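Structure, as structure tokens:
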Amino acid sequence: MAADPVSMLSFVRFLFAFTIGSHILLVSTSIALVFLISISEFLSIRKNDPVYEALARRLSKVFVISFGVGTASGIVMAVELVGLFPSFMTLVASTGAMVLLYAEVSAFFLEVLALVLYVYYWNTFRGRYSHWVVSLFVVTGTLASAVFITMVNAWMNTPNGFDVSSFISSGLKTITGVEPFAAFLTASTAIQVFHVSVTTLFAGTMVIGAYFAYWFVRSRDDGEKAMYSRALKILGAVAIITIILSGISGSEEMGSLLVNQPLKYAALDANPVPGTNLPDRFFGSVVGGNYVGGFSVPGMQALLARFETGVTTLPGLSQFPANTWPPLLVNTTFNVMTAGGLALGLFMFAFFVSLVRKRRPYESRRLLYIWIPAAALAMLVYELGWATDEVGRQPWIVYNVMTVAQAANTSDALLIPGIVVVLFYLAVIPVTFYFYSRVFQGSDKGVPA
Amino acid sequence: MNGIFEVNYAAFSVFATLLITEIMGAVGLIIAWPSRSKVLDYLVPIWEVTGTFGAFWVVTGDFAYPALLVPVSAIFAPLLIVFLILWVARGASISFAEFITKRGWLDEEKLYKSYAVSTIVLGLVVLVLLSALVGGQGVNLTSGSFSIVSWATAGSLVFVIGTLLLAVGLAPVFFDLSALRNLIIPLSGLGVVLSVLSYWLMSPGLLTPWMAIPVLLTLAVGALYAWRRTSKLVTNKVAFLAVLSVIIFSLQPLVYPNAIGKALSIDAVTTTGAMADAFFSVTLVGGILLALMLSFYVVVAARGPSGPGL
């Protein structure tokens, strides 16, 4: 019996959300890993410290796994996009967003070739700094891949580089006025790339740090503890810097939404109607044109918006046709994300204060016990950030141009293979993280006590 | 000449070359595990590069033929999903195998063999896909569907068998397995005959004078290895990869100017205008960067052993 196209549309939405939600777990930890490896190797040379070198060597094995599974999963994303959203990919392939994907593959080449040299020819390099410089190419390739794919997402939020009105009036058939390189700088690109880069690094840093925190607390081997504390020292510093930048860029991101995606902004803040002195609303919804449930802080939204952008009149849902509203659950996901981000900011502030007072927070059992659930919170906040961005753009896949329903392939032939993909990811992700640990712990220790 | 097709097909040729050598290695891992070190010395640093060229081919394909994405998605989506699962399984198992330390039942051998099986089955899926793209068997362009039952014609099956025989026949050359020297000429010769036969079975029009290039090059590889004085020429990995890429590149008349059993004109679906210009300019810049990176890679690799420095 053929599946209902509406159900298949929901399934296609779920399938892609699930796979990309799984994929970004790998991406965020990969990015954090490569930073940690490069910084560790630099410190090992600078301080002539063999523990840092052992850390870099052991982590580079983990990174090979991370790269292997992450790249394979990235290709799944690339092919899945064609299979699940062919009309969207036709638009992408006919406009500048395709140039971004092409640039991303170039970044992949940089990453893979540098990684192979870095890992498999470690002892071939004559100078230690020469080898370390190769790690910078791995960092650049890894980060550039993430940046280019984020640029594609920014283009989906604020499309440019083609004649939008003529495309819509042609019934999404004729694409004219193509400027292939315009997609590199849409209205939202700079701020979104900034926000995504720092939050991705922060989330990955927290997760990798949780691993070291756990083993630091548990281990009785002084040599191993010395390695974990050095890793935590680096990760703590990276987390402090990136949480500050996450806050700043998050605020700028809201300012960008206010200007470029007012409907998404109105949904995130659950504004039933536009206004000037609007409150910040938490955990409620809009029913029959009124805000219900939850609670409000009077004037706060207006104050923040004025501070971020200088805009005084804020958008409301009533300005837009109801059939273009995203699910208003985004107000809740947005609130959990910001509250979680605030809690993580407080935790990192405590870490920073302890660092300034020379209390060695990276060896404090109390702080390390808190780090572990904080890492889970960081990943939740990160995933919710993406969910808020993507669900907040619904029903559009390309904002104000093409809906998800117009883009999707609703063939029921996708159902069984799609379920297999979900089951497969459910197995691959935990197994991958298990292997990270097993390979790190199973490596030759070689750590001086 | 269609420059965009040539770039995309060149990317495919390199990807297919690397994948075929991986399949050769995978077969070696399964049937000759005790002599795995020769195979792993090659496979371990290269499998990630194969994946990257795979991504490069997919992305240049998306860029080159935007009008094909909707029909390709409709026709091949289930097959592509199977491909993806095998792709992740292959990447995960080899990266786990590389650094695993034995604990319990799971060890290096099981993981490498899991990689080998995933890669071989993946190769079969790719061959099904390619034979459909060449001859159009199993593809219904009107309804936008693919049927494996309709695909299973004599032409398709002989295509798969012929290609596999070629891979198995040339594997001893690539990995310099002199004990299997006597198998090379019979297996690769039979592989060539069956491959040519499969093209004829799919459509006699596929056999053009150009087909002499891949046939002669393939036979030359086997013959050069059989003669001891010239065997060093073809056991050199870079030389073998280059020749295999040329062989695959020279097979392009199978899909150009028309593919899917002559039903699809490639020129008619190739991107044009500003996007075509962008394709060439990005390819030029990316190509220069890639050449520089590969040169650096070759310089470093020539200095020392390819074993892990860990």
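Ordering of the structure tokens sets the chain letters (A, B, ...); residue numbers start at 1 within each chain; ligands are numbered from 1 in the order shown.
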
Just list the residues in region 57-233 of chain B DSSP gives strand (DSSP E or B) on the backbone, as an NGL selection string.
:B and (103 or 106 or 139-140 or 145-146)

If we count only C-alpha atoms, what is near Ile20 (chain A) at a cut-off of 8 Å, once residues fewer than 4 positions away on the same chain are taken out, given as a list in words?
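That gives Phe16, Ile24 and Met77 of chain A.
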
Find the residues in chain B near chain A: any atom within 6 Å counts, using only C-alpha atoms. Write them as a list in words.
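Listed by rising number, the hits are Phe56, Asp62, Phe63, Pro66, Leu69, Val70, Ser73, Ala77, Leu84, Val88, Gly91, Ala92, Ser95, Gly304, Pro308 and Gly309 of chain B.
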
Have a look at CA of Gly191 (chain B) and CA of Phe159 (chain B) and let me know their distance in Å, one decimal.
9.2 Å

Check which residues of region 10-125 of chain B sit at most 9 Å from region 140-143 of chain B using only C-alpha atoms, and return one row each with the closest pair of atoms and their distance in Å to one decimal, ordered by chain and rising number, as a tab-separated table.
```
residue	atom	partner	partner_atom	distance
B:Pro71	CA	B:Leu141	CA	7.6
B:Ala74	CA	B:Ser143	CA	8.9
B:Ile75	CA	B:Asn140	CA	7.7
```

Polymer residues at most 7 Å from region 150-158 of chain B, only C-alpha atoms, same-chain spacing of 6 or more positions, as number ranges by chain:
B: 131, 137-138, 194-195, 198-199, 201-202

Using the selection just defined, write its residues with C-alpha atoms as a tab-separated table (two decimals), in the first residue's frame.
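Final output, selection.tsv:
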```
chain	number	residue	atom	x	y	z
B	131	SER	CA	25.63	-0.30	-15.80
B	137	GLN	CA	18.63	-1.41	-18.03
B	138	GLY	CA	16.12	-1.26	-15.17
B	194	LEU	CA	33.37	-10.00	-21.01
B	195	SER	CA	33.40	-6.22	-20.55
B	198	SER	CA	28.60	-6.54	-22.10
B	199	TYR	CA	28.78	-3.22	-23.96
B	201	LEU	CA	24.86	-6.72	-25.30
B	202	MET	CA	23.70	-3.42	-23.80
```

Leaving out region 388-397 of chain A and any residue of its chain fewer than 2 positions from it, which residues lie within 10 Å of it when counting only C-alpha atoms, given as a PyMOL selection string?
chain A and resi 17+85+88+153+156-157+261+263-268+323-335+337+382-386+399-408
